[in-house]
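Okay, so here's the structure we're looking at.
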Amino acid sequence: GIGFDLSSGPAQLLECEATANRDGIRLGGDATVRNAVVYNNTQRGIVCDAPTSGSARQWIVNGTIAKSGLYNVEIAQNAQVSMQNVIAVGAENASVLFLGGIDANAFDHVILHSFGDLQGVGAIGQGQSVPGSSSAFDASQLLVVADPSVLFRNLAAGDLELSAGSPARGYGQPVGTPPIDHKRRPRAPGDPVDGGAFMYVDRNNAARDWTLYP
């Protein structure tokens, strides 16, 4: 089934976890998904549908979406989606699939996985061309990795905390970043913002991270 079905009405989903479902999260109206961990769902991690009437804006902020059976994020035609400080890696197909035209404004410091192609090919899929739509996006807002396991402590085991050498460390955009992470640990003001749902915690630094954030 669906882990969180938010297909009707405005909604906020904060510091949640959706694992081992068919689809992890389904959005339909205005929605904010913040600090979500979406892992090992058999089809899609997050499905972003357009409302049947009117318009809606869906925000995915500091999320970690990994190892989906089909796509990590599937965006319907006419859906308006913004992803900020998101990690979407390890899917069997494209990290992000646009069923319509690619929204040039969808990505703001997003980390994707491509099968050995660091130019973005394979990381982003497009279902069909839409007249008048743009397939161009700001590649400077994307970081594409060939091996998603370098991002985490242990991707295969579902430990999605950032590794010491993770390229997600310091990659995030500070404006709009939540003040806490997935585990409700406060993000220290002035520190570089990490991509994904977890801020990096140095377990060897007992004077700071380990004592404050067990």
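Note on naming: chains are A, B, ... as they come in the structure tokens, residues start from 1 per chain, ligands start from 1 in the order shown.
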
>> For the structure I just gave you, how does DSSP split stretch 12-213 of chain A - specifically, which residues are strand (DSSP E or B)? Reply as an NGL selection string.
In response: :A and (12-14 or 17-19 or 23-27 or 31-34 or 37-39 or 44-48 or 57-61 or 64-66 or 71-75 or 80-84 or 87-89 or 96-98 or 107-108 or 110-113 or 121 or 124-126 or 142-145 or 152-154 or 159-162 or 180 or 186)

> By how many Å are atom CA of A:Arg187 and atom CA of A:Ala146 apart?
Replying inline: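 Atom-to-atom, atom CA of A:Arg187 and atom CA of A:Ala146 are spaced 28.2 Å apart.
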
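Inside stretch 133-212 of chain A, the residues DSSP reads as helix (DSSP H, G or I) when given the backbone are A:Ala139, A:Ser140, A:Gln141, A:Pro148, A:Ser149, A:Val150, A:Leu151, A:Ala206, A:Ala207, A:Arg208, A:Asp209, A:Trp210, A:Thr211, A:Leu212.
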
If you keep all heavy atoms, can you produce a file of those selected residues as a compact mmCIF listing (two decimals), in the first residue's frame?
```txt
# COMPACT_ATOMS: atom_id res chain seq x y z
N ALA A 139 21.90 22.91 -13.98
CA ALA A 139 22.72 21.78 -13.54
C ALA A 139 23.58 22.13 -12.34
O ALA A 139 24.04 21.23 -11.62
CB ALA A 139 23.59 21.28 -14.69
N SER A 140 23.80 23.42 -12.09
CA SER A 140 24.58 23.79 -10.91
C SER A 140 23.84 23.49 -9.61
O SER A 140 24.43 23.49 -8.53
CB SER A 140 24.94 25.28 -10.97
OG SER A 140 23.79 26.09 -10.80
N GLN A 141 22.53 23.24 -9.71
CA GLN A 141 21.74 22.91 -8.54
C GLN A 141 21.68 21.40 -8.29
O GLN A 141 20.96 20.95 -7.39
CB GLN A 141 20.32 23.45 -8.69
CG GLN A 141 20.23 24.95 -8.81
CD GLN A 141 20.75 25.66 -7.57
OE1 GLN A 141 20.57 25.20 -6.45
NE2 GLN A 141 21.42 26.79 -7.77
N PRO A 148 25.93 5.67 -4.94
CA PRO A 148 25.23 6.31 -3.82
C PRO A 148 25.69 5.85 -2.45
O PRO A 148 25.43 6.53 -1.45
CB PRO A 148 23.77 5.93 -4.07
CG PRO A 148 23.82 4.69 -4.88
CD PRO A 148 25.03 4.82 -5.75
N SER A 149 26.38 4.72 -2.38
CA SER A 149 26.79 4.22 -1.06
C SER A 149 27.79 5.15 -0.38
O SER A 149 27.94 5.12 0.85
CB SER A 149 27.38 2.81 -1.18
OG SER A 149 28.59 2.84 -1.92
N VAL A 150 28.49 6.00 -1.16
CA VAL A 150 29.48 6.90 -0.56
C VAL A 150 28.82 7.97 0.29
O VAL A 150 29.47 8.61 1.12
CB VAL A 150 30.37 7.57 -1.63
CG1 VAL A 150 31.08 6.52 -2.47
CG2 VAL A 150 29.56 8.50 -2.52
N LEU A 151 27.51 8.15 0.13
CA LEU A 151 26.81 9.21 0.86
C LEU A 151 26.53 8.84 2.31
O LEU A 151 26.44 9.73 3.17
CB LEU A 151 25.48 9.51 0.18
CG LEU A 151 25.54 10.12 -1.22
CD1 LEU A 151 24.21 9.92 -1.94
CD2 LEU A 151 25.89 11.59 -1.14
N ALA A 206 33.38 13.98 21.09
CA ALA A 206 32.55 13.89 22.29
C ALA A 206 32.26 15.26 22.89
O ALA A 206 31.26 15.45 23.58
CB ALA A 206 33.24 13.01 23.33
N ALA A 207 33.12 16.22 22.65
CA ALA A 207 32.91 17.54 23.22
C ALA A 207 31.70 18.24 22.61
O ALA A 207 31.16 19.15 23.20
CB ALA A 207 34.16 18.40 22.99
N ARG A 208 31.30 17.77 21.42
CA ARG A 208 30.18 18.45 20.80
C ARG A 208 29.08 17.50 20.35
O ARG A 208 28.05 17.35 20.97
CB ARG A 208 30.67 19.28 19.61
CG ARG A 208 29.52 19.96 18.88
CD ARG A 208 30.00 20.70 17.68
NE ARG A 208 28.86 21.13 16.90
CZ ARG A 208 28.94 21.79 15.78
NH1 ARG A 208 30.12 22.14 15.31
NH2 ARG A 208 27.87 22.15 15.12
N ASP A 209 29.33 16.80 19.24
CA ASP A 209 28.23 16.08 18.60
C ASP A 209 27.73 14.89 19.41
O ASP A 209 26.54 14.71 19.57
CB ASP A 209 28.67 15.60 17.21
CG ASP A 209 28.80 16.74 16.23
OD1 ASP A 209 28.14 17.77 16.47
OD2 ASP A 209 29.54 16.61 15.25
N TRP A 210 28.64 14.07 19.90
CA TRP A 210 28.21 12.81 20.51
C TRP A 210 27.47 13.06 21.83
O TRP A 210 26.51 12.40 22.17
CB TRP A 210 29.42 11.91 20.74
CG TRP A 210 29.07 10.54 21.24
CD1 TRP A 210 29.52 9.94 22.36
CD2 TRP A 210 28.19 9.59 20.62
NE1 TRP A 210 28.99 8.68 22.49
CE2 TRP A 210 28.18 8.44 21.45
CE3 TRP A 210 27.42 9.60 19.46
CZ2 TRP A 210 27.41 7.32 21.15
CZ3 TRP A 210 26.64 8.48 19.17
CH2 TRP A 210 26.66 7.35 19.99
N THR A 211 27.90 14.06 22.59
CA THR A 211 27.23 14.34 23.87
C THR A 211 25.89 15.04 23.65
O THR A 211 24.94 14.79 24.36
CB THR A 211 28.12 15.22 24.76
OG1 THR A 211 28.49 16.40 24.05
CG2 THR A 211 29.36 14.48 25.18
N LEU A 212 25.81 15.90 22.62
CA LEU A 212 24.58 16.63 22.39
C LEU A 212 23.56 15.80 21.60
O LEU A 212 22.35 15.92 21.82
CB LEU A 212 24.87 17.91 21.61
CG LEU A 212 25.64 19.00 22.37
CD1 LEU A 212 25.92 20.16 21.45
CD2 LEU A 212 24.85 19.47 23.59
```

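Proximity to A:Pro51 at 10 Å, evaluated using only C-alpha atoms and with sequence-adjacent residues fewer than 5 positions away removed, yields Ser7, Ser8, Gly9, Leu27, Gly28, Gly29, Asp30, Ala56, Arg57, Ala76, Asn78, Ala79 and Gln80 of chain A.
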
> Of the residues A:Asn62, A:Ser53, A:Asn93, A:Thr42, which is the one nearest to A:Glu15, using only C-alpha atoms?
Replying inline: A:Asn62

> Expressed in Å to a single decimal, how great is the separation between atom CA of A:Val144 and atom CA of A:Val47?
Replying inline: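 Pair atom CA of A:Val144 / atom CA of A:Val47 returns 21.1 Å.
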
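We find atom CA of A:Ala50 and atom CA of A:Asn72 to be spaced 17.3 Å apart.
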
>> Under the rule that only C-alpha atoms are counted, which of A:Pro10, A:Gly176, A:Gly45, A:Gly165 is the nearest residue to A:Ala31?
In response: A:Pro10
